[in-house]
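Asker: This one is model.cif, mmCIF, C-alpha atoms.
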```cif
data_final
loop_
_atom_site.group_PDB
_atom_site.id
_atom_site.type_symbol
_atom_site.label_atom_id
_atom_site.label_comp_id
_atom_site.auth_asym_id
_atom_site.auth_seq_id
_atom_site.Cartn_x
_atom_site.Cartn_y
_atom_site.Cartn_z
ATOM 1 C CA MET R 1 -11.433 7.095 62.043
ATOM 2 C CA LEU R 2 -11.938 7.437 58.313
ATOM 3 C CA PHE R 3 -14.377 5.094 56.602
ATOM 4 C CA GLY R 4 -14.239 5.135 52.821
ATOM 5 C CA THR R 5 -12.053 7.745 51.157
ATOM 6 C CA ARG R 6 -11.955 11.506 50.988
ATOM 7 C CA THR R 7 -11.558 11.348 47.201
ATOM 8 C CA GLY R 8 -14.586 9.075 46.740
ATOM 9 C CA PHE R 9 -17.083 8.950 49.597
ATOM 10 C CA GLY R 10 -15.859 9.091 53.148
ATOM 11 C CA LEU R 11 -16.950 9.644 56.718
ATOM 12 C CA ASP R 12 -14.205 10.806 59.071
ATOM 13 C CA PHE R 13 -15.218 10.371 62.733
ATOM 14 C CA HIS R 14 -13.636 12.559 65.423
ATOM 15 C CA VAL R 15 -14.972 10.750 68.494
ATOM 16 C CA GLU R 16 -12.899 12.653 71.024
ATOM 17 C CA ARG R 17 -14.301 16.093 70.211
ATOM 18 C CA ASP R 18 -17.736 16.158 71.852
ATOM 19 C CA PRO R 19 -19.123 13.909 74.597
ATOM 20 C CA GLY R 20 -22.762 14.243 73.506
ATOM 21 C CA LEU R 21 -22.513 14.497 69.723
ATOM 22 C CA LEU R 22 -20.710 12.598 66.987
ATOM 23 C CA CYS R 23 -18.325 14.822 65.035
ATOM 24 C CA VAL R 24 -18.093 13.493 61.494
ATOM 25 C CA ASP R 25 -16.632 15.127 58.404
ATOM 26 C CA VAL R 26 -18.385 13.979 55.217
ATOM 27 C CA PHE R 27 -16.517 13.915 51.878
ATOM 28 C CA VAL R 28 -17.782 13.413 48.330
ATOM 29 C CA GLY R 29 -15.228 13.410 45.530
ATOM 30 C CA GLY R 30 -12.670 15.257 47.642
ATOM 31 C CA LEU R 31 -15.183 17.939 48.657
ATOM 32 C CA PRO R 32 -15.884 18.381 52.390
ATOM 33 C CA VAL R 33 -19.665 18.822 52.367
ATOM 34 C CA ASN R 34 -20.321 19.777 55.993
ATOM 35 C CA THR R 35 -17.571 22.206 56.913
ATOM 36 C CA TRP R 36 -19.800 24.605 58.844
ATOM 37 C CA ASP R 37 -21.167 21.956 61.250
ATOM 38 C CA ASN R 38 -19.995 18.399 61.783
ATOM 39 C CA ALA R 39 -21.578 17.619 65.189
ATOM 40 C CA PHE R 40 -24.370 15.119 64.497
ATOM 41 C CA TYR R 41 -26.997 14.064 67.029
ATOM 42 C CA PRO R 42 -26.083 10.355 67.380
ATOM 43 C CA PRO R 43 -29.560 8.753 67.176
ATOM 44 C CA LEU R 44 -30.359 10.767 64.047
ATOM 45 C CA LEU R 45 -27.068 9.832 62.376
ATOM 46 C CA VAL R 46 -27.626 6.142 63.203
ATOM 47 C CA LYS R 47 -31.131 6.282 61.707
ATOM 48 C CA LYS R 48 -29.972 8.071 58.562
ATOM 49 C CA LEU R 49 -27.103 5.630 57.983
ATOM 50 C CA LYS R 50 -29.556 2.719 58.318
ATOM 51 C CA ASP R 51 -31.933 4.411 55.862
ATOM 52 C CA GLU R 52 -29.146 4.863 53.294
ATOM 53 C CA LEU R 53 -28.026 1.247 53.714
ATOM 54 C CA SER R 54 -31.541 -0.026 53.050
ATOM 55 C CA ARG R 55 -31.558 1.831 49.717
ATOM 56 C CA PHE R 56 -28.195 0.596 48.422
ATOM 57 C CA ARG R 57 -27.699 -2.972 49.679
ATOM 58 C CA ALA R 58 -28.987 -4.531 46.449
ATOM 59 C CA PRO R 59 -28.066 -3.544 42.886
ATOM 60 C CA THR R 60 -30.694 -1.243 41.414
ATOM 61 C CA ALA R 61 -31.233 -0.157 37.837
ATOM 62 C CA PRO R 62 -30.711 3.521 37.030
ATOM 63 C CA PRO R 63 -33.810 5.614 37.747
ATOM 64 C CA PRO R 64 -36.041 6.611 34.839
ATOM 65 C CA GLY R 65 -34.624 9.731 33.225
ATOM 66 C CA PHE R 66 -31.013 9.060 34.239
ATOM 67 C CA THR R 67 -28.573 10.135 31.542
ATOM 68 C CA SER R 68 -25.313 11.244 33.134
ATOM 69 C CA PRO R 69 -24.620 12.106 36.779
ATOM 70 C CA GLU R 70 -24.178 15.816 35.948
ATOM 71 C CA GLU R 71 -27.318 16.155 33.829
ATOM 72 C CA SER R 72 -29.378 14.013 36.201
ATOM 73 C CA PHE R 73 -28.193 16.190 39.103
ATOM 74 C CA ARG R 74 -29.293 19.332 37.235
ATOM 75 C CA ILE R 75 -32.721 17.896 36.471
ATOM 76 C CA ALA R 76 -33.287 16.631 40.040
ATOM 77 C CA GLU R 77 -32.029 19.876 41.600
ATOM 78 C CA ASP R 78 -34.282 21.904 39.303
ATOM 79 C CA TRP R 79 -37.237 19.733 40.264
ATOM 80 C CA ILE R 80 -36.576 20.047 44.019
ATOM 81 C CA TYR R 81 -35.951 23.790 44.017
ATOM 82 C CA GLY R 82 -38.552 24.668 41.381
ATOM 83 C CA ASP R 83 -36.038 26.161 38.974
ATOM 84 C CA SER R 84 -37.845 25.076 35.834
ATOM 85 C CA GLY R 85 -36.629 28.112 33.890
ATOM 86 C CA THR R 86 -34.008 25.940 32.218
ATOM 87 C CA TRP R 87 -36.559 23.553 30.736
ATOM 88 C CA THR R 88 -37.480 23.885 27.100
ATOM 89 C CA ARG R 89 -41.168 24.191 26.366
ATOM 90 C CA SER R 90 -41.336 20.890 24.447
ATOM 91 C CA GLY R 91 -39.297 19.002 27.026
ATOM 92 C CA ALA R 92 -40.740 20.544 30.191
ATOM 93 C CA GLU R 93 -43.232 17.796 30.970
ATOM 94 C CA ALA R 94 -40.808 14.944 30.309
ATOM 95 C CA GLU R 95 -38.075 16.667 32.307
ATOM 96 C CA ALA R 96 -40.467 17.312 35.201
ATOM 97 C CA ASP R 97 -41.345 13.603 35.288
ATOM 98 C CA ALA R 98 -37.661 12.681 35.158
ATOM 99 C CA GLY R 99 -36.937 15.260 37.873
ATOM 100 C CA GLU R 100 -39.410 13.656 40.237
ATOM 101 C CA GLU R 101 -37.902 10.200 39.654
ATOM 102 C CA LEU R 102 -34.326 11.428 39.984
ATOM 103 C CA ALA R 103 -35.063 13.499 43.100
ATOM 104 C CA ARG R 104 -36.068 10.302 44.916
ATOM 105 C CA TRP R 105 -32.342 9.529 45.075
ATOM 106 C CA GLU R 106 -31.555 12.538 47.235
ATOM 107 C CA PHE R 107 -28.621 11.691 49.490
ATOM 108 C CA LEU R 108 -27.084 13.102 52.673
ATOM 109 C CA GLU R 109 -30.381 14.317 54.126
ATOM 110 C CA TRP R 110 -28.870 13.790 57.560
ATOM 111 C CA GLY R 111 -30.094 16.789 59.532
ATOM 112 C CA GLU R 112 -28.726 20.283 59.951
ATOM 113 C CA CYS R 113 -25.085 19.239 59.491
ATOM 114 C CA THR R 114 -25.744 18.512 55.819
ATOM 115 C CA ASP R 115 -28.238 21.306 55.132
ATOM 116 C CA GLN R 116 -25.722 23.154 52.956
ATOM 117 C CA VAL R 117 -25.324 20.320 50.481
ATOM 118 C CA THR R 118 -27.653 19.129 47.766
ATOM 119 C CA ALA R 119 -26.639 15.572 46.934
ATOM 120 C CA PHE R 120 -27.938 12.639 44.957
ATOM 121 C CA ALA R 121 -26.764 9.032 44.821
ATOM 122 C CA PHE R 122 -27.963 7.618 41.516
ATOM 123 C CA PRO R 123 -27.877 3.813 41.419
ATOM 124 C CA ASP R 124 -26.615 2.151 38.263
ATOM 125 C CA GLY R 125 -26.484 -1.598 38.866
ATOM 126 C CA ASP R 126 -23.238 -2.277 40.718
ATOM 127 C CA GLN R 127 -22.236 1.394 40.498
ATOM 128 C CA VAL R 128 -23.497 4.465 42.337
ATOM 129 C CA HIS R 129 -22.963 7.957 40.958
ATOM 130 C CA LEU R 130 -22.709 10.567 43.714
ATOM 131 C CA ALA R 131 -23.315 14.149 42.641
ATOM 132 C CA CYS R 132 -23.445 17.104 45.007
ATOM 133 C CA ARG R 133 -23.229 20.850 45.271
ATOM 134 C CA VAL R 134 -22.344 22.760 48.429
ATOM 135 C CA ARG R 135 -24.064 26.102 48.921
ATOM 136 C CA ASP R 136 -23.242 29.249 50.866
ATOM 137 C CA GLY R 137 -25.734 31.185 52.919
ATOM 138 C CA GLY R 138 -25.983 29.199 56.152
ATOM 139 C CA GLY R 139 -28.804 26.872 57.017
ATOM 140 C CA GLN R 140 -30.854 25.226 54.332
ATOM 141 C CA ALA R 141 -29.438 24.813 50.853
ATOM 142 C CA ARG R 142 -32.761 25.720 49.299
ATOM 143 C CA GLY R 143 -32.585 29.165 47.787
ATOM 144 C CA ALA R 144 -28.938 29.761 48.718
ATOM 145 C CA GLU R 145 -26.337 30.627 46.114
ATOM 146 C CA ALA R 146 -24.285 27.770 44.719
ATOM 147 C CA ARG R 147 -20.595 28.231 45.465
ATOM 148 C CA CYS R 148 -19.317 25.544 43.129
ATOM 149 C CA ALA R 149 -20.291 23.376 40.211
ATOM 150 C CA PRO R 150 -21.586 19.927 41.115
ATOM 151 C CA THR R 151 -18.950 17.479 42.262
ATOM 152 C CA VAL R 152 -19.402 14.013 40.784
ATOM 153 C CA VAL R 153 -17.804 10.717 41.728
ATOM 154 C CA SER R 154 -18.774 7.215 40.624
ATOM 155 C CA MET R 155 -18.001 4.264 42.847
ATOM 156 C CA SER R 156 -18.911 0.648 43.311
ATOM 157 C CA ARG R 157 -22.112 0.021 45.200
ATOM 158 C CA THR R 158 -20.287 -2.451 47.452
ATOM 159 C CA ALA R 159 -17.728 0.227 48.428
ATOM 160 C CA LEU R 160 -20.547 2.660 49.272
ATOM 161 C CA VAL R 161 -22.345 0.006 51.333
ATOM 162 C CA ALA R 162 -19.124 -0.967 53.133
ATOM 163 C CA THR R 163 -18.447 2.676 54.015
ATOM 164 C CA LEU R 164 -21.989 3.124 55.339
ATOM 165 C CA GLU R 165 -21.842 -0.166 57.296
ATOM 166 C CA HIS R 166 -18.532 0.706 58.964
ATOM 167 C CA ALA R 167 -19.758 4.202 59.791
ATOM 168 C CA LEU R 168 -22.996 2.793 61.222
ATOM 169 C CA ALA R 169 -21.085 0.348 63.429
ATOM 170 C CA ALA R 170 -18.856 3.186 64.696
ATOM 171 C CA ALA R 171 -21.834 5.483 65.309
ATOM 172 C CA GLU R 172 -23.734 2.772 67.207
ATOM 173 C CA ARG R 173 -20.658 1.854 69.254
ATOM 174 C CA GLU R 174 -19.860 5.472 70.152
ATOM 175 C CA TRP R 175 -23.471 6.282 71.000
ATOM 176 C CA ALA R 176 -23.768 3.189 73.224
ATOM 177 C CA ALA R 177 -20.555 4.159 75.060
ATOM 178 C CA ARG R 178 -21.811 7.704 75.580
ATOM 179 C CA LEU R 179 -25.177 6.494 76.851
ATOM 180 C CA ALA R 180 -23.421 4.160 79.291
ATOM 181 C CA ALA R 181 -21.186 7.005 80.508
ATOM 182 C CA MET R 182 -24.187 9.317 80.976
ATOM 183 C CA LYS R 183 -26.065 6.584 82.853
ATOM 184 C CA SER R 184 -23.009 5.920 85.014
ATOM 185 C CA ARG R 185 -22.689 9.601 85.887
ATOM 186 C CA GLY R 186 -26.404 9.732 86.639
ATOM 187 C CA ASP R 187 -26.227 6.660 88.882
ATOM 188 C CA SER R 188 -23.266 8.038 90.828
ATOM 189 C CA ASP R 189 -25.138 11.276 91.511
ATOM 190 C CA HIS R 190 -27.766 9.462 93.584
#
```
If you convert what's in this file into structure tokens, what do you get?

Answerer:
Amino acid sequence: MLFGTRTGFGLDFHVERDPGLLCVDVFVGGLPVNTWDNAFYPPLLVKKLKDELSRFRAPTAPPPGFTSPEESFRIAEDWIYGDSGTWTRSGAEAEADAGEELARWEFLEWGECTDQVTAFAFPDGDQVHLACRVRDGGGQARGAEARCAPTVVSMSRTALVATLEHALAAAEREWAARLAAMKSRGDSDH
């Protein structure tokens, strides 16, 4: 079950793969961002999808310091990972302030399945600019080597919200079915 698109933003559920986890491939701009692990703990995925929906349901102005998705990604990533070596002396303070504002739009912080991606979803009225970079090195993205330049895709806010809503409904439905099956197995054991 694919919600959204692989070339924009998409969540591809593989419900038959694991009885206790939800296997979901996440795509941003054609890039699969969780290739090393796609087995999400269902309650965590449900919570994270709800959190993302609460941030994007209403149009929001671009964050202070937003220029372009690529440059805003660089500034936010530098702020998060402490790589201020790229800042010029005269612009360091302003860029640090912008970095803090831009980093608030971190996206795909959905547990260990998305640890290898640094992603931001910058609102821009009825548009959202997704920018991400996948990293090698296993585990957390912090401190790992980047394996590709940032991938950027801009999409309508309503398309992003619809994708998240459909994915949330599927995650809740699948988790409820799995809980019922576990309860049924537990009841039949007594």

Asker: Go through R:Trp175, R:Trp36, R:Trp105, R:Phe13 one by one, measure the shortest atom-to-atom distance of each to Val134 in chain R using only C-alpha atoms, and give the residue with the smallest value.

Answerer: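 Using only C-alpha atoms, Val134 in chain R sits closest to R:Trp36.
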
Asker: Would you please work out which residue, of R:Gly4, R:Val153, R:Asp25, R:Gly111, is nearest to Leu44 in chain R when using only C-alpha atoms?

Answerer: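 Checking each candidate against Leu44 in chain R, we get R:Gly111 as the closest.
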
Asker: Report as an mmCIF file with C-alpha atoms, keeping the file's coordinate frame the full result of the PyMOL selection byres ((chain R and resi 52) around 10) when it is applied to this structure.

Answerer:
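New file out22.cif:
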```
data_model
loop_
_atom_site.group_PDB
_atom_site.id
_atom_site.type_symbol
_atom_site.label_atom_id
_atom_site.label_comp_id
_atom_site.auth_asym_id
_atom_site.auth_seq_id
_atom_site.Cartn_x
_atom_site.Cartn_y
_atom_site.Cartn_z
ATOM 1 C CA LYS R 47 -31.131 6.282 61.707
ATOM 2 C CA LYS R 48 -29.972 8.071 58.562
ATOM 3 C CA LEU R 49 -27.103 5.630 57.983
ATOM 4 C CA LYS R 50 -29.556 2.719 58.318
ATOM 5 C CA ASP R 51 -31.933 4.411 55.862
ATOM 6 C CA LEU R 53 -28.026 1.247 53.714
ATOM 7 C CA SER R 54 -31.541 -0.026 53.050
ATOM 8 C CA ARG R 55 -31.558 1.831 49.717
ATOM 9 C CA PHE R 56 -28.195 0.596 48.422
ATOM 10 C CA ARG R 57 -27.699 -2.972 49.679
ATOM 11 C CA TRP R 105 -32.342 9.529 45.075
ATOM 12 C CA PHE R 107 -28.621 11.691 49.490
ATOM 13 C CA LEU R 108 -27.084 13.102 52.673
ATOM 14 C CA GLU R 109 -30.381 14.317 54.126
ATOM 15 C CA TRP R 110 -28.870 13.790 57.560
ATOM 16 C CA ALA R 121 -26.764 9.032 44.821
ATOM 17 C CA LEU R 160 -20.547 2.660 49.272
ATOM 18 C CA VAL R 161 -22.345 0.006 51.333
ATOM 19 C CA LEU R 164 -21.989 3.124 55.339
ATOM 20 C CA GLU R 165 -21.842 -0.166 57.296
#
```

Asker: With only C-alpha atoms as the atoms that count, which of R:Ala169, R:Val26, R:Pro59, R:Ala103 lies nearest to Arg74 in chain R?

Answerer: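 Checking each candidate against Arg74 in chain R, we get R:Ala103 as the closest.
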
Asker: Starting from the PyMOL selection byres ((chain R and resi 176) around 12), expand the selection into actual residues of this file and give them as a VMD selection string.

Answerer: chain R and resid 19 to 22 42 to 43 46 169 to 175 177 to 183

Asker: Expand the PyMOL selection byres ((chain R and resi 100) around 10) into the explicit residue set it covers here, and present it as a ChimeraX atom specification.

Answerer: /R:64-65,75-80,95-99,101-105

Asker: Rounded to one decimal, what separation in Å do you get between CA of Ser184 in chain R and CA of Tyr41 in chain R?

Answerer: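 Result for CA of Ser184 in chain R versus CA of Tyr41 in chain R: 20.1 Å, one decimal.
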